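Structure data (compact mmCIF, C-alpha atoms) from protein00.txt:
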```
# COMPACT_ATOMS: atom_id res chain seq x y z
CA MET A 13 -1.78 19.88 17.58
CA ALA A 14 -1.37 17.23 20.25
CA VAL A 15 -0.72 14.42 17.78
CA GLU A 16 1.98 16.30 15.87
CA ARG A 17 3.66 17.16 19.12
CA ALA A 18 3.43 13.52 20.23
CA VAL A 19 5.18 12.48 17.01
CA ARG A 20 7.98 15.00 17.58
CA ASP A 21 8.39 13.79 21.16
CA PHE A 22 8.41 10.18 19.99
CA GLN A 23 11.07 10.88 17.40
CA ARG A 24 13.18 12.71 19.97
CA GLY A 25 12.84 9.71 22.29
CA PHE A 26 10.96 11.74 24.87
CA GLU A 27 8.33 9.67 26.75
CA ARG A 28 7.93 7.45 23.74
CA GLU A 29 5.21 5.22 25.11
CA LYS A 30 3.14 8.10 26.34
CA SER A 31 3.56 9.92 23.03
CA PHE A 32 2.58 6.81 21.12
CA GLU A 33 -0.52 6.39 23.27
CA VAL A 34 -1.75 9.75 21.97
CA LEU A 35 -1.47 8.44 18.41
CA PHE A 36 -3.11 5.19 19.39
CA HIS A 37 -6.20 6.86 20.80
CA ARG A 38 -6.46 9.21 17.81
CA PHE A 39 -6.22 6.61 15.07
CA ARG A 40 -7.55 3.39 16.62
CA PRO A 41 -11.23 4.13 15.87
CA ARG A 42 -10.41 5.02 12.24
CA ILE A 43 -8.34 1.89 11.67
CA GLU A 44 -11.02 -0.28 13.25
CA ARG A 45 -13.71 1.39 11.14
CA PHE A 46 -11.76 0.45 8.03
CA LEU A 47 -11.08 -3.12 9.15
CA ALA A 48 -14.42 -4.03 10.74
CA PRO A 49 -16.38 -4.92 7.58
CA ARG A 50 -13.39 -6.59 5.95
CA VAL A 51 -12.42 -9.29 8.42
CA PHE A 52 -14.15 -12.40 9.66
CA SER A 53 -14.44 -11.69 13.38
CA PRO A 54 -13.93 -9.03 16.07
CA GLU A 55 -10.85 -10.94 17.26
CA GLU A 56 -9.34 -10.67 13.81
CA ARG A 57 -10.12 -6.98 13.74
CA LEU A 58 -8.29 -6.49 17.05
CA ASP A 59 -5.31 -8.57 15.88
CA LEU A 60 -4.99 -6.53 12.71
CA THR A 61 -5.42 -3.26 14.56
CA GLN A 62 -2.66 -4.32 16.90
CA ALA A 63 -0.46 -5.36 13.96
CA ALA A 64 -1.05 -1.99 12.32
CA PHE A 65 0.01 -0.13 15.46
CA LEU A 66 3.12 -2.24 15.80
CA ARG A 67 4.02 -1.30 12.23
CA ILE A 68 3.34 2.34 12.99
CA TYR A 69 5.53 2.11 16.07
CA GLN A 70 8.32 0.53 14.04
CA GLY A 71 8.13 3.08 11.26
CA LEU A 72 7.31 6.28 13.12
CA GLU A 73 10.91 7.20 13.67
CA GLY A 74 11.42 7.25 9.90
CA TYR A 75 8.30 9.33 9.23
CA ARG A 76 9.60 12.61 7.83
CA GLY A 77 6.35 14.52 7.57
CA GLU A 78 6.33 14.72 3.77
CA GLY A 79 2.63 13.87 3.70
CA SER A 80 0.13 14.17 6.55
CA LEU A 81 0.50 11.85 9.50
CA GLU A 82 -3.06 10.65 8.94
CA GLY A 83 -2.25 9.71 5.35
CA TRP A 84 0.82 7.84 6.46
CA VAL A 85 -1.08 5.93 9.15
CA LEU A 86 -3.79 5.14 6.61
CA GLN A 87 -1.23 3.69 4.20
CA VAL A 88 0.30 1.53 6.93
CA ALA A 89 -3.15 0.22 7.89
CA VAL A 90 -3.93 -0.62 4.26
CA ASN A 91 -0.60 -2.42 3.88
CA VAL A 92 -1.24 -4.51 6.98
CA TYR A 93 -4.75 -5.34 5.76
CA ARG A 94 -3.52 -6.32 2.27
CA LYS A 95 -0.84 -8.54 3.71
CA TRP A 96 -3.41 -10.33 5.83
CA ARG A 97 -5.90 -10.55 2.95
CA ASP A 98 -3.35 -12.01 0.56
CA LYS A 99 -2.54 -14.74 3.09
CA GLN A 100 -6.16 -15.87 3.32
CA PRO A 101 -6.96 -19.07 1.42
CA GLY A 102 -8.33 -17.78 -1.85
CA GLY A 103 -6.63 -14.40 -1.43
CA ARG A 104 -8.57 -11.22 -2.00
CA GLN A 105 -11.61 -13.05 -3.37
CA ALA A 106 -12.10 -14.90 -0.09
CA VAL A 107 -12.33 -12.03 2.35
CA PRO A 108 -15.68 -10.64 3.39
CA VAL A 109 -17.17 -7.64 1.70
CA VAL A 110 -20.29 -5.80 2.64
CA PRO A 111 -22.96 -7.99 1.06
CA PHE A 112 -24.60 -7.00 -2.20
CA ASP A 113 -28.06 -5.93 -1.28
CA ASP A 114 -29.88 -5.93 -4.58
CA SER A 115 -33.61 -5.61 -4.84
CA ASP A 116 -34.18 -9.27 -5.58
CA GLY A 117 -31.92 -10.29 -2.72
CA ALA A 118 -29.90 -12.63 -4.91
CA PRO A 119 -26.20 -12.18 -5.42
CA GLU A 120 -25.52 -10.69 -8.79
CA PRO A 121 -23.12 -12.60 -10.96
CA SER A 122 -20.61 -10.61 -12.95
CA THR A 123 -21.46 -9.75 -16.52
CA GLU A 124 -18.63 -11.79 -17.94
CA SER A 125 -19.82 -14.88 -16.15
CA GLN A 126 -23.09 -14.61 -18.04
CA LEU A 127 -21.34 -15.09 -21.31
CA PRO A 128 -20.43 -18.52 -22.64
CA SER A 129 -17.15 -19.38 -21.06
CA PRO A 130 -14.28 -20.30 -23.29
CA SER A 131 -13.32 -23.91 -22.87
CA SER A 132 -11.09 -26.31 -24.62
CA SER A 133 -14.14 -27.81 -26.28
CA ALA A 134 -15.39 -24.43 -27.58
CA SER A 135 -15.02 -24.12 -31.30
CA PRO A 136 -13.02 -21.24 -32.79
CA LEU A 137 -16.33 -19.78 -33.93
CA ASP A 138 -17.69 -19.84 -30.35
CA ARG A 139 -14.62 -18.06 -29.12
CA VAL A 140 -14.88 -15.39 -31.80
CA VAL A 141 -18.55 -14.84 -30.98
CA ARG A 142 -17.78 -14.56 -27.28
CA GLN A 143 -14.99 -12.10 -27.92
CA GLU A 144 -17.26 -9.99 -30.08
CA ARG A 145 -19.95 -9.95 -27.43
CA LEU A 146 -17.47 -8.88 -24.79
CA GLU A 147 -16.18 -6.10 -27.01
CA ALA A 148 -19.70 -4.93 -27.75
CA LEU A 149 -20.52 -4.98 -24.04
CA ARG A 150 -17.40 -2.99 -23.16
CA GLU A 151 -18.19 -0.42 -25.83
CA ALA A 152 -21.78 -0.16 -24.62
CA ILE A 153 -20.60 0.39 -21.03
CA GLU A 154 -18.23 3.10 -22.25
CA GLU A 155 -21.18 4.96 -23.74
CA LEU A 156 -23.27 5.00 -20.55
CA PRO A 157 -23.76 8.29 -18.68
CA ARG A 158 -20.78 8.86 -16.38
CA GLN A 159 -22.26 7.85 -13.00
CA GLN A 160 -23.96 4.80 -14.49
CA ARG A 161 -20.73 3.82 -16.20
CA LEU A 162 -18.64 4.18 -13.02
CA CYS A 163 -21.12 2.09 -11.03
CA MET A 164 -21.31 -0.53 -13.76
CA GLU A 165 -17.54 -0.73 -14.21
CA LEU A 166 -16.91 -1.08 -10.48
CA ARG A 167 -19.65 -3.69 -10.21
CA THR A 168 -18.69 -5.65 -13.33
CA TYR A 169 -14.93 -5.43 -13.59
CA GLN A 170 -13.99 -5.18 -9.91
CA GLU A 171 -17.01 -7.08 -8.54
CA ARG A 172 -17.55 -4.48 -5.84
CA SER A 173 -20.63 -4.53 -3.64
CA VAL A 174 -23.24 -1.78 -3.71
CA GLN A 175 -22.03 -0.58 -0.32
CA GLU A 176 -18.45 -0.43 -1.51
CA ILE A 177 -19.38 1.46 -4.67
CA ALA A 178 -21.49 3.88 -2.65
CA GLY A 179 -18.59 4.56 -0.28
CA ALA A 180 -16.12 4.97 -3.11
CA LEU A 181 -18.25 7.38 -5.13
CA ARG A 182 -19.72 9.24 -2.14
CA ILE A 183 -23.30 8.46 -3.08
CA SER A 184 -26.01 6.50 -1.29
CA PRO A 185 -26.46 2.74 -1.82
CA GLU A 186 -29.95 3.49 -3.17
CA THR A 187 -28.47 5.77 -5.82
CA VAL A 188 -25.97 3.09 -6.78
CA LYS A 189 -28.80 0.58 -7.17
CA ALA A 190 -30.74 3.03 -9.32
CA HIS A 191 -27.70 3.68 -11.53
CA LEU A 192 -27.07 -0.04 -11.91
CA PHE A 193 -30.72 -0.68 -12.75
CA GLN A 194 -30.78 2.04 -15.39
CA ALA A 195 -27.41 0.96 -16.78
CA ARG A 196 -28.62 -2.63 -17.18
CA GLN A 197 -31.76 -1.43 -18.91
CA ARG A 198 -29.72 0.64 -21.38
CA LEU A 199 -27.30 -2.19 -22.02
CA ARG A 200 -30.12 -4.66 -22.61
CA ASP A 201 -31.78 -2.28 -25.07
CA LYS A 202 -28.54 -1.56 -26.86
CA LEU A 203 -27.23 -5.10 -27.08
CA HIS A 204 -30.51 -6.83 -27.76
CA GLY A 205 -30.28 -5.95 -31.46
CA SER A 206 -26.82 -7.41 -31.80
CA PHE A 207 -27.03 -10.55 -29.73
CA GLY A 208 -30.64 -11.26 -28.88
CA THR A 209 -31.40 -11.76 -25.19
CA ILE A 210 -28.54 -10.88 -22.90
CA GLU A 211 -28.57 -11.47 -19.17
CA LEU A 212 -27.02 -8.66 -17.13
CA MET B 14 -8.28 -6.13 -15.81
CA ASP B 15 -4.73 -7.24 -15.15
CA GLU B 16 -3.53 -5.17 -18.06
CA SER B 17 -5.23 -2.08 -16.71
CA SER B 18 -3.67 -2.65 -13.32
CA THR B 19 -0.25 -2.82 -14.91
CA ASP B 20 -0.89 0.41 -16.76
CA PHE B 21 -1.78 2.16 -13.55
CA ARG B 22 1.25 0.82 -11.75
CA GLU B 23 3.22 2.97 -14.18
CA ALA B 24 1.01 5.99 -13.68
CA ASP B 25 0.98 8.21 -10.62
CA HIS B 26 -1.36 6.87 -7.98
CA PRO B 27 -3.13 9.50 -5.91
CA SER B 28 -1.56 9.78 -2.47
CA PRO B 29 -3.45 8.83 0.71
CA ASP B 30 -3.84 12.54 1.42
CA ARG B 31 -5.61 13.06 -1.91
CA TRP B 32 -8.00 10.22 -1.15
CA LEU B 33 -8.68 11.75 2.26
CA ALA B 34 -9.33 15.12 0.63
CA TYR B 35 -11.64 13.44 -1.90
CA HIS B 36 -13.71 11.76 0.79
CA ARG B 37 -13.88 14.97 2.81
CA GLY B 38 -15.20 16.78 -0.26
CA GLU B 39 -12.20 19.09 -0.40
CA LEU B 40 -11.32 18.56 -4.07
CA ALA B 41 -12.61 20.49 -7.06
CA ASP B 42 -15.12 18.58 -9.19
CA ASP B 43 -12.74 17.94 -12.06
CA GLU B 44 -10.06 16.63 -9.74
CA ALA B 45 -12.58 14.41 -7.94
CA ALA B 46 -13.69 13.09 -11.34
CA LEU B 47 -10.10 12.14 -12.18
CA LEU B 48 -9.81 10.19 -8.95
CA GLU B 49 -13.07 8.37 -9.67
CA GLU B 50 -11.83 7.35 -13.11
CA HIS B 51 -8.62 6.11 -11.55
CA LEU B 52 -10.58 4.12 -9.01
CA VAL B 53 -12.37 2.09 -11.65
CA ARG B 54 -9.09 0.82 -13.07
CA CYS B 55 -6.89 0.44 -10.01
CA ARG B 56 -7.67 -2.22 -7.42
CA ASP B 57 -4.84 -1.07 -5.16
CA CYS B 58 -6.22 2.42 -4.97
CA PHE B 59 -9.68 1.07 -4.30
CA ASP B 60 -8.36 -0.31 -0.99
CA LEU B 61 -6.77 3.01 -0.22
CA SER B 62 -9.93 4.88 -1.09
CA GLN B 63 -11.99 2.59 1.14
CA ALA B 64 -9.63 3.21 4.02
CA ALA B 65 -9.73 6.95 3.37
CA GLU B 66 -13.51 6.82 3.42
CA ALA B 67 -13.42 5.13 6.86
CA PHE B 68 -10.82 7.62 8.12
CA ALA B 69 -12.71 10.63 6.78
CA ARG B 70 -15.91 9.79 8.64
CA PRO B 71 -16.16 11.95 11.77
CA ASP B 72 -15.19 10.17 14.97
CA ALA B 73 -18.13 9.55 17.27
CA GLU B 74 -17.90 10.76 20.85
CA PRO B 75 -16.44 7.78 22.72
CA ASP B 76 -18.92 6.24 25.13
CA ALA B 77 -17.95 4.23 28.21
CA SER B 78 -17.82 0.86 26.44
CA GLU B 79 -15.69 2.35 23.67
CA GLU B 80 -13.23 3.72 26.21
CA VAL B 81 -13.04 0.35 27.95
CA ALA B 82 -12.37 -1.40 24.64
CA SER B 83 -9.71 1.14 23.73
CA ALA B 84 -7.99 0.82 27.11
CA ALA B 85 -8.08 -2.98 26.85
CA LEU B 86 -6.42 -2.96 23.44
CA TRP B 87 -3.79 -0.52 24.65
CA ARG B 88 -3.03 -2.87 27.56
CA LEU B 89 -2.51 -5.69 25.05
CA LEU B 90 -0.40 -3.55 22.78
CA ARG B 91 1.95 -2.05 25.37
CA PRO B 92 4.07 -5.15 26.09
CA GLU B 93 4.36 -5.77 22.34
CA LEU B 94 5.81 -2.30 21.87
CA GLY B 95 8.55 -3.25 24.30
CA LYS B 96 9.39 -6.25 22.11
CA VAL B 97 9.60 -4.06 19.02
CA ARG B 98 12.03 -1.83 20.92
CA GLU B 99 14.16 -4.82 21.90
CA ILE B 100 14.33 -6.02 18.30
CA SER B 101 15.27 -2.53 17.14
CA SER B 102 17.99 -2.15 19.73
CA ALA B 103 19.31 -5.62 18.88
CA ARG B 104 20.33 -4.24 15.48
CA PRO B 105 24.02 -3.39 15.13
CA PRO B 106 24.53 0.09 16.54
CA ARG B 107 24.50 2.89 14.01
CA PRO B 108 26.84 4.64 13.73
CA ALA B 109 29.63 2.50 15.08
CA GLY B 110 33.30 3.31 14.83
CA ARG B 111 35.67 0.73 13.40
CA SER B 112 38.73 -0.01 15.38
CA PRO B 113 42.12 -0.10 13.60
CA TRP B 114 42.79 -3.46 15.31
CA MET B 115 39.76 -4.85 13.56
CA SER B 116 41.12 -3.68 10.22
CA LEU B 117 44.50 -5.21 10.98
CA ALA B 118 42.97 -8.48 12.06
CA ALA B 119 40.80 -8.43 8.99
CA SER B 120 43.85 -7.83 6.78
CA PHE B 121 45.67 -10.72 8.44
CA PHE B 122 42.68 -12.91 7.93
CA ILE B 123 42.53 -11.87 4.31
CA ALA B 124 46.18 -12.80 3.80
CA LEU B 125 45.45 -16.24 5.21
CA VAL B 126 42.33 -17.26 3.48
CA GLY B 127 42.90 -15.62 0.14
CA LEU B 128 40.78 -13.90 -2.39
CA GLY B 129 37.52 -15.76 -1.74
CA ALA B 130 37.38 -14.66 1.88
CA TRP B 131 38.40 -11.15 0.87
CA SER B 132 35.43 -10.97 -1.42
CA ALA B 133 33.08 -12.11 1.35
CA TYR B 134 34.62 -9.58 3.73
CA GLN B 135 34.03 -6.80 1.26
CA GLN B 136 30.40 -7.75 0.94
CA ARG B 137 29.99 -7.70 4.72
CA GLU B 138 31.78 -4.36 4.92
CA ALA B 139 29.42 -2.88 2.38
CA ARG B 140 26.47 -3.60 4.63
CA ALA B 141 28.05 -2.73 7.95
CA PRO B 142 27.20 0.57 9.59
CA GLN B 143 29.93 3.20 9.51
CA ALA B 144 30.58 6.36 11.46
CA ASP B 145 28.75 9.48 10.23
CA VAL B 146 26.57 7.46 7.92
CA PRO B 147 23.24 9.13 7.14
CA ILE B 148 20.52 6.51 7.36
CA ILE B 149 17.69 6.95 4.91
CA ASP B 150 14.57 4.99 5.76
CA PHE B 151 12.26 3.98 2.93
CA LEU B 152 8.87 2.91 4.16
CA ALA B 153 6.65 0.56 2.18
CA GLY B 154 3.75 3.01 2.24
CA GLU B 155 5.70 5.83 0.65
CA ARG B 156 5.40 4.38 -2.84
CA LEU B 157 2.00 5.87 -3.39
CA ALA B 158 2.92 9.36 -2.33
CA GLY B 159 4.33 10.04 -5.77
CA SER B 160 5.73 13.50 -5.17
CA GLU B 161 7.79 12.60 -2.13
CA GLU B 162 11.49 12.71 -2.78
CA LYS B 163 14.36 12.02 -0.42
CA VAL B 164 17.21 14.48 -0.72
CA LEU B 165 20.80 13.64 -0.06
CA SER B 166 24.18 15.27 -0.57
CA ALA B 167 26.65 13.72 -3.01
CA SER B 168 29.32 13.86 -0.32
CA ALA B 169 27.24 11.65 2.00
CA ARG B 170 27.95 7.95 2.20
CA PRO B 171 24.44 6.83 2.98
CA MET B 172 22.92 3.67 4.28
CA PHE B 173 19.49 2.91 2.87
CA VAL B 174 17.09 0.96 5.04
CA PHE B 175 13.94 -0.46 3.46
CA HIS B 176 10.98 -1.73 5.46
CA PRO B 177 9.07 -3.87 2.98
CA SER B 178 5.58 -4.97 3.91
CA ASP B 179 6.06 -8.38 2.29
CA GLU B 180 8.15 -11.06 3.94
CA LEU B 181 10.16 -12.38 1.04
CA PRO B 182 13.46 -14.24 1.46
CA ALA B 183 15.24 -11.90 -0.95
CA TYR B 184 14.66 -8.64 -2.77
CA ARG B 185 16.46 -6.79 -5.52
CA LEU B 186 17.21 -3.09 -5.34
CA VAL B 187 17.42 -1.43 -8.74
CA ILE B 188 18.48 2.20 -9.03
CA ARG B 189 17.60 4.00 -12.25
CA ASP B 190 18.30 7.40 -13.65
CA ALA B 191 14.96 9.17 -13.10
CA ALA B 192 15.13 11.01 -16.42
CA THR B 193 16.15 8.21 -18.76
CA GLY B 194 15.05 5.13 -16.81
CA ARG B 195 18.50 3.63 -17.40
CA GLU B 196 19.49 1.05 -14.79
CA ILE B 197 22.66 2.11 -13.02
CA PHE B 198 22.74 -0.25 -10.07
CA SER B 199 21.24 -3.59 -9.10
CA HIS B 200 21.85 -5.62 -5.97
CA VAL B 201 20.17 -8.50 -4.13
CA LEU B 202 19.20 -7.69 -0.54
CA LYS B 203 18.26 -10.15 2.18
CA PRO B 204 16.18 -9.12 5.20
CA ASP B 205 17.92 -8.72 8.56
CA PRO B 206 16.36 -10.24 11.73
CA ASP B 207 14.14 -7.16 11.97
CA LEU B 208 12.92 -7.84 8.39
CA ALA B 209 14.55 -4.61 7.23
CA LEU B 210 16.85 -4.42 4.21
CA ASN B 211 20.09 -2.51 4.64
CA ILE B 212 22.55 -1.37 2.03
CA HIS B 213 25.47 0.98 2.44
CA PHE B 214 27.01 3.13 -0.30
CA PRO B 215 30.55 3.75 0.97
CA LYS B 216 31.43 5.94 -2.03
CA GLY B 217 28.18 7.89 -2.04
CA LEU B 218 26.09 8.54 -5.15
CA PRO B 219 26.75 11.07 -7.91
CA ALA B 220 24.47 14.11 -8.05
CA GLY B 221 21.25 13.54 -9.95
CA ARG B 222 17.70 12.30 -9.66
CA TYR B 223 17.09 8.61 -9.19
CA ARG B 224 14.25 6.17 -9.06
CA LEU B 225 14.71 3.32 -6.60
CA GLU B 226 12.81 0.14 -7.31
CA LEU B 227 12.51 -2.56 -4.70
CA ARG B 228 11.66 -5.74 -6.57
CA ASP B 229 11.12 -9.30 -5.50
CA GLY B 230 14.33 -11.29 -5.63
CA GLY B 231 14.20 -12.80 -9.12
CA PRO B 232 16.01 -11.29 -12.10
CA ALA B 233 12.74 -9.99 -13.54
CA GLY B 234 10.97 -9.64 -10.20
CA LYS B 235 7.95 -7.39 -10.04
CA VAL B 236 8.27 -3.92 -8.55
CA LEU B 237 7.03 -3.88 -4.95
CA GLU B 238 7.99 -0.34 -4.03
CA GLU B 239 9.20 2.74 -5.82
CA HIS B 240 10.95 5.68 -4.24
CA ARG B 241 12.48 8.89 -5.54
CA LEU B 242 15.84 10.23 -4.54
CA ARG B 243 17.64 13.45 -5.40
CA VAL B 244 21.35 13.71 -4.78
CA THR B 245 22.59 17.28 -4.68
CA GLU B 246 26.15 18.57 -5.34
```

This entry written out as C-alpha cells:
Amino acid sequence: MAVERAVRDFQRGFEREKSFEVLFHRFRPRIERFLAPRVFSPEERLDLTQAAFLRIYQGLEGYRGEGSLEGWVLQVAVNVYRKWRDKQPGGRQAVPVVPFDDSDGAPEPSTESQLPSPSSSASPLDRVVRQERLEALREAIEELPRQQRLCMELRTYQERSVQEIAGALRISPETVKAHLFQARQRLRDKLHGSFGTIEL
Amino acid sequence: MDESSTDFREADHPSPDRWLAYHRGELADDEAALLEEHLVRCRDCFDLSQAAEAFARPDAEPDASEEVASAALWRLLRPELGKVREISSARPPRPAGRSPWMSLAASFFIALVGLGAWSAYQQREARAPQADVPIIDFLAGERLAGSEEKVLSASARPMFVFHPSDELPAYRLVIRDAATGREIFSHVLKPDPDLALNIHFPKGLPAGRYRLELRDGGPAGKVLEEHRLRVTE
C-alpha cells in the first residue's frame, strides 16, 4: 500500500517530506474527526492536528511496525489530545464533550450528586446512611440487563454524554436514551422500597 | 473510580488495533463484550476507543473545500517539519567514535580534579553515544500495545531512548525482572534538549525478559509508560 511504502521510504531517508505528505493526507481527516468535538475552536483543532503530525514525524523513524501504522498514529493523536486536555484549567472536566441531549433538555446530574454529600457537619449516622445507599445503588446497577448496565455505568461513573456512550457501544443515541430511561425506571422501582423516593 | 482505574493500569489494556477492530465490527461477540466491560472501568481506554471510533468511520470523498483546507494545513506544517529535523540533527551524532586523545585528556583531567570529577565523568560517559551502539526507541504510545516486545542480544551494549509525552523535569527508569517483578535497576533520567531521555548500558544486559517502567522522577513516582524487553543469549 502507498502509506506503508511511504513509511519505508521515510525511514530510509528517501524523499522524507514527500513520503510524510502521503501519511499526512491519509490520516489528517481521521485525526481531525477525533479532535473536532473535543476542542473549543477550529483553530485549536488545527493546532492540535499540527502538533500530532509533528509528534508523528518525530517518532516515525522509531516505528517498528509491531502494530498497524493506523493504530500507532491513533495512539499518538490520543497522547497529544490528553496532554492538551490535562493542561486546560480544570483538566479533563473542563473540555467540551458532545452535549447530553436528554428528552427534557436539561443536563443530567450524576447519580452520586443526588445523594446527600458527606460534609464535616454530617453526623456519623448520615455518613453510614449515605454509604449504604451508594452500596445499594451500585448493587442495583450491577443487576441491570447488560446494555442498560453499561449505559448507566458510563453515564453515572464516567459522566459520559449520550453521544459518547453511543459511539463507544456502537449503538444509536436513541437506543442509549431508551436504555438509560429503562435503567432509571428499574432502579427507582428497586430502590424505592429501601430508601423511599430516589432521584436518578 | 480511582481504584478501578488503578486496577486496570495493572491489567492489559486493549491495543489501539483492537479498538479499531472493535469499531469496525471485526471482533467476535464475546471479545467485543470484554472490551465493552473494560471501557466502563478505564477512562484512558475510553479516550482510545473514542479515537478509534473516529478513525474507523469511512473517509468521505474530499470535496474542493476539504482539499483546500488540507493543502493549507500542509503548508503550515512543512516549515515546522524542518525545525524538527534541525532539533534531531542537533543531537550528538550516534554512533560517534571516541578518540584516544580524548581518553588521555580525560585521564589527565581525572588525575587533576580527583575522585569527584571522575564520578561526574563516568556519569557523562554512561550517557554518551558509543560506536556500534544499537539504539532502541521507546515511544510513549507503545505502552498500550501490551504484546509488543523489543528484542535485543545480550552481547549488545544498547542505548535506550524514551520519548515521553509528558514534559517533566526528571523521570525514573526502573527495570524489573518480567517474571518475578523484582527491581534490578533504577536510575533518574533528565530530558535532553529534544525532550528525549537517553541511557546507555555499556556492559549490556543479561539474557532474560524485562519490564521497563518509566516513572515520574520521585522515589515512588507513578508509572507513566511500561515497555517489555527480551534479551537473548

Using all atoms listed in the file, what does the table of chain A residues within 8 Å of chain B look like, with each row giving the shortest atom pair and its distance in Å to one decimal, sorted by chain and ascending number, as JSON lines?
```
{"residue": "A:Glu29", "atom": "CA", "partner": "B:Arg91", "partner_atom": "CA", "distance": 8.0}
{"residue": "A:Glu33", "atom": "CA", "partner": "B:Trp87", "partner_atom": "CA", "distance": 7.8}
{"residue": "A:Phe36", "atom": "CA", "partner": "B:Trp87", "partner_atom": "CA", "distance": 7.8}
{"residue": "A:His37", "atom": "CA", "partner": "B:Ser83", "partner_atom": "CA", "distance": 7.3}
{"residue": "A:Arg40", "atom": "CA", "partner": "B:Ser83", "partner_atom": "CA", "distance": 7.8}
{"residue": "A:Pro41", "atom": "CA", "partner": "B:Asp72", "partner_atom": "CA", "distance": 7.3}
{"residue": "A:Arg42", "atom": "CA", "partner": "B:Phe68", "partner_atom": "CA", "distance": 4.9}
{"residue": "A:Ile43", "atom": "CA", "partner": "B:Phe68", "partner_atom": "CA", "distance": 7.2}
{"residue": "A:Arg45", "atom": "CA", "partner": "B:Ala67", "partner_atom": "CA", "distance": 5.7}
{"residue": "A:Phe46", "atom": "CA", "partner": "B:Ala67", "partner_atom": "CA", "distance": 5.1}
{"residue": "A:Leu58", "atom": "CA", "partner": "B:Leu86", "partner_atom": "CA", "distance": 7.5}
{"residue": "A:Gln62", "atom": "CA", "partner": "B:Leu90", "partner_atom": "CA", "distance": 6.3}
{"residue": "A:Leu66", "atom": "CA", "partner": "B:Leu94", "partner_atom": "CA", "distance": 6.6}
{"residue": "A:Tyr69", "atom": "CA", "partner": "B:Leu94", "partner_atom": "CA", "distance": 7.3}
{"residue": "A:Gln70", "atom": "CA", "partner": "B:Val97", "partner_atom": "CA", "distance": 6.9}
{"residue": "A:Gly71", "atom": "CA", "partner": "B:Leu152", "partner_atom": "CA", "distance": 7.1}
{"residue": "A:Gly74", "atom": "CA", "partner": "B:Asp150", "partner_atom": "CA", "distance": 5.7}
{"residue": "A:Glu78", "atom": "CA", "partner": "B:Glu161", "partner_atom": "CA", "distance": 6.4}
{"residue": "A:Gly79", "atom": "CA", "partner": "B:Asp30", "partner_atom": "CA", "distance": 7.0}
{"residue": "A:Ser80", "atom": "CA", "partner": "B:Asp30", "partner_atom": "CA", "distance": 6.7}
{"residue": "A:Glu82", "atom": "CA", "partner": "B:Asp30", "partner_atom": "CA", "distance": 7.8}
{"residue": "A:Gly83", "atom": "CA", "partner": "B:Pro29", "partner_atom": "CA", "distance": 4.9}
{"residue": "A:Trp84", "atom": "CA", "partner": "B:Gly154", "partner_atom": "CA", "distance": 7.1}
{"residue": "A:Leu86", "atom": "CA", "partner": "B:Ala64", "partner_atom": "CA", "distance": 6.7}
{"residue": "A:Gln87", "atom": "CA", "partner": "B:Gly154", "partner_atom": "CA", "distance": 5.4}
{"residue": "A:Val88", "atom": "CA", "partner": "B:Gly154", "partner_atom": "CA", "distance": 6.0}
{"residue": "A:Val90", "atom": "CA", "partner": "B:Leu61", "partner_atom": "CA", "distance": 6.4}
{"residue": "A:Asn91", "atom": "CA", "partner": "B:Ser178", "partner_atom": "CA", "distance": 6.7}
{"residue": "A:Val92", "atom": "CA", "partner": "B:Ser178", "partner_atom": "CA", "distance": 7.5}
{"residue": "A:Lys95", "atom": "CA", "partner": "B:Asp179", "partner_atom": "CA", "distance": 7.0}
{"residue": "A:Leu162", "atom": "CA", "partner": "B:Val53", "partner_atom": "CA", "distance": 6.7}
{"residue": "A:Glu165", "atom": "CA", "partner": "B:Val53", "partner_atom": "CA", "distance": 6.4}
{"residue": "A:Leu166", "atom": "CA", "partner": "B:Val53", "partner_atom": "CA", "distance": 5.7}
{"residue": "A:Tyr169", "atom": "CA", "partner": "B:Met14", "partner_atom": "CA", "distance": 7.0}
{"residue": "A:Gln170", "atom": "CA", "partner": "B:Arg56", "partner_atom": "CA", "distance": 7.4}
{"residue": "A:Glu176", "atom": "CA", "partner": "B:Gln63", "partner_atom": "CA", "distance": 7.6}
{"residue": "A:Gly179", "atom": "CA", "partner": "B:Glu66", "partner_atom": "CA", "distance": 6.7}
{"residue": "A:Ala180", "atom": "CA", "partner": "B:Gln63", "partner_atom": "CA", "distance": 6.4}
{"residue": "A:Leu181", "atom": "CA", "partner": "B:Glu49", "partner_atom": "CA", "distance": 7.0}
{"residue": "A:Arg182", "atom": "CA", "partner": "B:His36", "partner_atom": "CA", "distance": 7.1}
```

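Taking CA of Lys202 in chain A and CA of Glu151 in chain A as the two end points, the separation is 10.5 Å.
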
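Here CA of Arg222 in chain B stands at a distance of 8.6 Å from CA of Thr245 in chain B.
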
Atom-to-atom span, CA of Pro49 in chain A and CA of Tyr93 in chain A, Å:
11.8 Å

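Using all atoms listed in the file, the nearest neighbour of Arg195 in chain B within the list B:Arg88, B:Lys216, B:Arg224, B:His51 is B:Arg224.
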